[in-house]
Amino acid sequence: SAFFAVLAYWFRAVRWNLLLEPMGYQISNSNAFWTIAFGYMMNLTIPRSGEIARATTLFRIEKVPVEKSIATIVIERLVDLVFMLLFLLLTFIFNGKVLASFYNLLTTRKVSEKKELTSTDSFLLNHGVDDLDAFYFNLKIVLVVLVLLALVFFVIKFKEKIISFVKGLIDGFLAVRKIKNKLAFVLHSAGIWICYFLAAYLVCFALKETSDFTIGDGFLLVTAGTLGMMVPTSGGAGSYHIVVKIAIVGIFISLGKSHFQGEEVGISYALISHLIQTIATLVFGLISIFALFGKNNDK
């Protein structure tokens, strides 16, 4: 699983080079690989900081403008979204019964309609606030107005830099249309997601309870795991575990097994899978510091 997780880095590195080439930048695949590894490690600290780290690090190593790197990263995310939707479609095709079973469980569970007051609610009620809904609604309006005012101030103060940055993004988006080897771009994109699938599916054989999961179940695990990683948490911690656990609960219910057992097995699978990914990310991220900044100091 760890091998295929890291192999996805390489496919992503080569694909990144294919995106940068039309802009006139030919970076080494090794630098792209280690930059991506460094970016993933940064995601373990501050959510979504890896994208900025990738762009700024590539500027230091290969002198690629940050705005153009970010443009390619945005395009990568859009392409990845297409493949995630494809995996979601495969999940519906091969595992529609799992989704239906879990939906039935959710809709038949009794949910208490009584809303418990938080300590903040109690404090407000004790200090003259009669309508909590109206208070929170007005508070949201005030916050939105303050954010808009802050954005206006920011745009006015840094207008020239923002215009320059936006122009760089537009140039980056336009240059992508000139990718020379479009087939290689598609194949490397597919390679990334095949690696994701294998990294997720192979972990199933680490547990007796999941060792008989089908390839269709693997599509569900990849889709669920991707959705969990998209939540802005540090390295998907927590969100990945919850979403993957829910997916495995759905599989167990479709097989006529207890959803309580599914929860236990699901959290075990999620802990193993996430730990493997985290260790691989840390190891290659730490190596990337020496690989990238050691090269930079030699120049």
# chains A, B, ... in the order shown; residues from 1 in each chain; ligands from 1

$ residues_around --residues "segment 40-52 of chain A" --least-positions-apart "4" --cutoff "10 Å" --atoms "only C-alpha atoms" --output "PyMOL selection string"
chain A and resi 9+34-36+56-58+66-67+69-70+73-74+230-237+278-286+288

$ closest_residue --among "A:Ala190, A:Leu132, A:Leu275, A:Val244" --to "Met84 of chain A" --atoms "only C-alpha atoms"
A:Ala190

$ closest_residue --among "A:Val186, A:Leu85, A:Leu255, A:Ala134" --to "Asp217 of chain A" --atoms "only C-alpha atoms"
A:Leu255

$ residues_around --residues "segment 245-252 of chain A" --least-positions-apart "4" --cutoff "6 Å" --atoms "only C-alpha atoms" --output "PyMOL selection string"
chain A and resi 98+102+241+257+259+262-263+266-267

$ write_last_selection --atoms "N, CA and C atoms" --output "compact mmCIF listing (two decimals), in the first residue's frame"
# COMPACT_ATOMS: atom_id res chain seq x y z
N VAL A 98 -24.77 -1.28 -1.60
CA VAL A 98 -24.16 -0.80 -0.36
C VAL A 98 -24.69 0.58 -0.02
N PHE A 102 -27.06 1.52 3.27
CA PHE A 102 -26.68 2.51 4.28
C PHE A 102 -27.69 3.65 4.32
N HIS A 241 -10.99 9.01 8.74
CA HIS A 241 -11.42 7.87 9.54
C HIS A 241 -12.94 7.76 9.59
N LYS A 257 -24.69 -8.04 7.85
CA LYS A 257 -23.96 -8.07 9.11
C LYS A 257 -24.33 -6.87 9.97
N HIS A 259 -24.17 -3.43 11.92
CA HIS A 259 -23.48 -2.17 11.64
C HIS A 259 -22.53 -1.81 12.77
N GLY A 262 -19.44 -3.41 11.77
CA GLY A 262 -18.89 -2.61 10.68
C GLY A 262 -18.15 -1.38 11.19
N GLU A 263 -18.67 -0.78 12.26
CA GLU A 263 -18.00 0.39 12.83
C GLU A 263 -16.65 0.02 13.42
N GLY A 266 -14.39 -0.87 10.53
CA GLY A 266 -14.14 0.34 9.75
C GLY A 266 -13.09 1.22 10.37
N ILE A 267 -13.18 1.41 11.68
CA ILE A 267 -12.19 2.28 12.33
C ILE A 267 -10.82 1.60 12.35

$ closest_residue --among "A:Val14, A:Tyr136, A:Gly216, A:Arg177" --to "Thr120 of chain A" --atoms "only C-alpha atoms"
A:Tyr136

$ residues_around --residues "Leu90 of chain A" --least-positions-apart "4" --cutoff "12 Å" --atoms "only C-alpha atoms" --output "list in words"
Phe83, Met84, Leu85, Leu86, Phe94, Asn95, Gly96, Ile215, Gly216, Asp217, Gly218, Phe219, Leu220, Leu221, Val222 and Thr223 of chain A

$ select_by_dssp --residues "segment 45-223 of chain A" --states "alpha helix (DSSP H)" --output "ChimeraX atom specification"
/A:49-62,66-108,119-126,132-157,159-175,182-201,215-223

$ atom_distance --atom1 "atom CA of Thr214 of chain A" --atom2 "atom CA of Ile242 of chain A"
21.0 Å

$ closest_residue --among "A:Lys97, A:Leu78, A:Gln26, A:Leu143" --to "Lys63 of chain A" --atoms "only C-alpha atoms"
A:Gln26

$ closest_residue --among "A:Ala53, A:Leu20, A:Ala270, A:Ala71" --to "Ala206 of chain A" --atoms "only C-alpha atoms"
A:Ala270
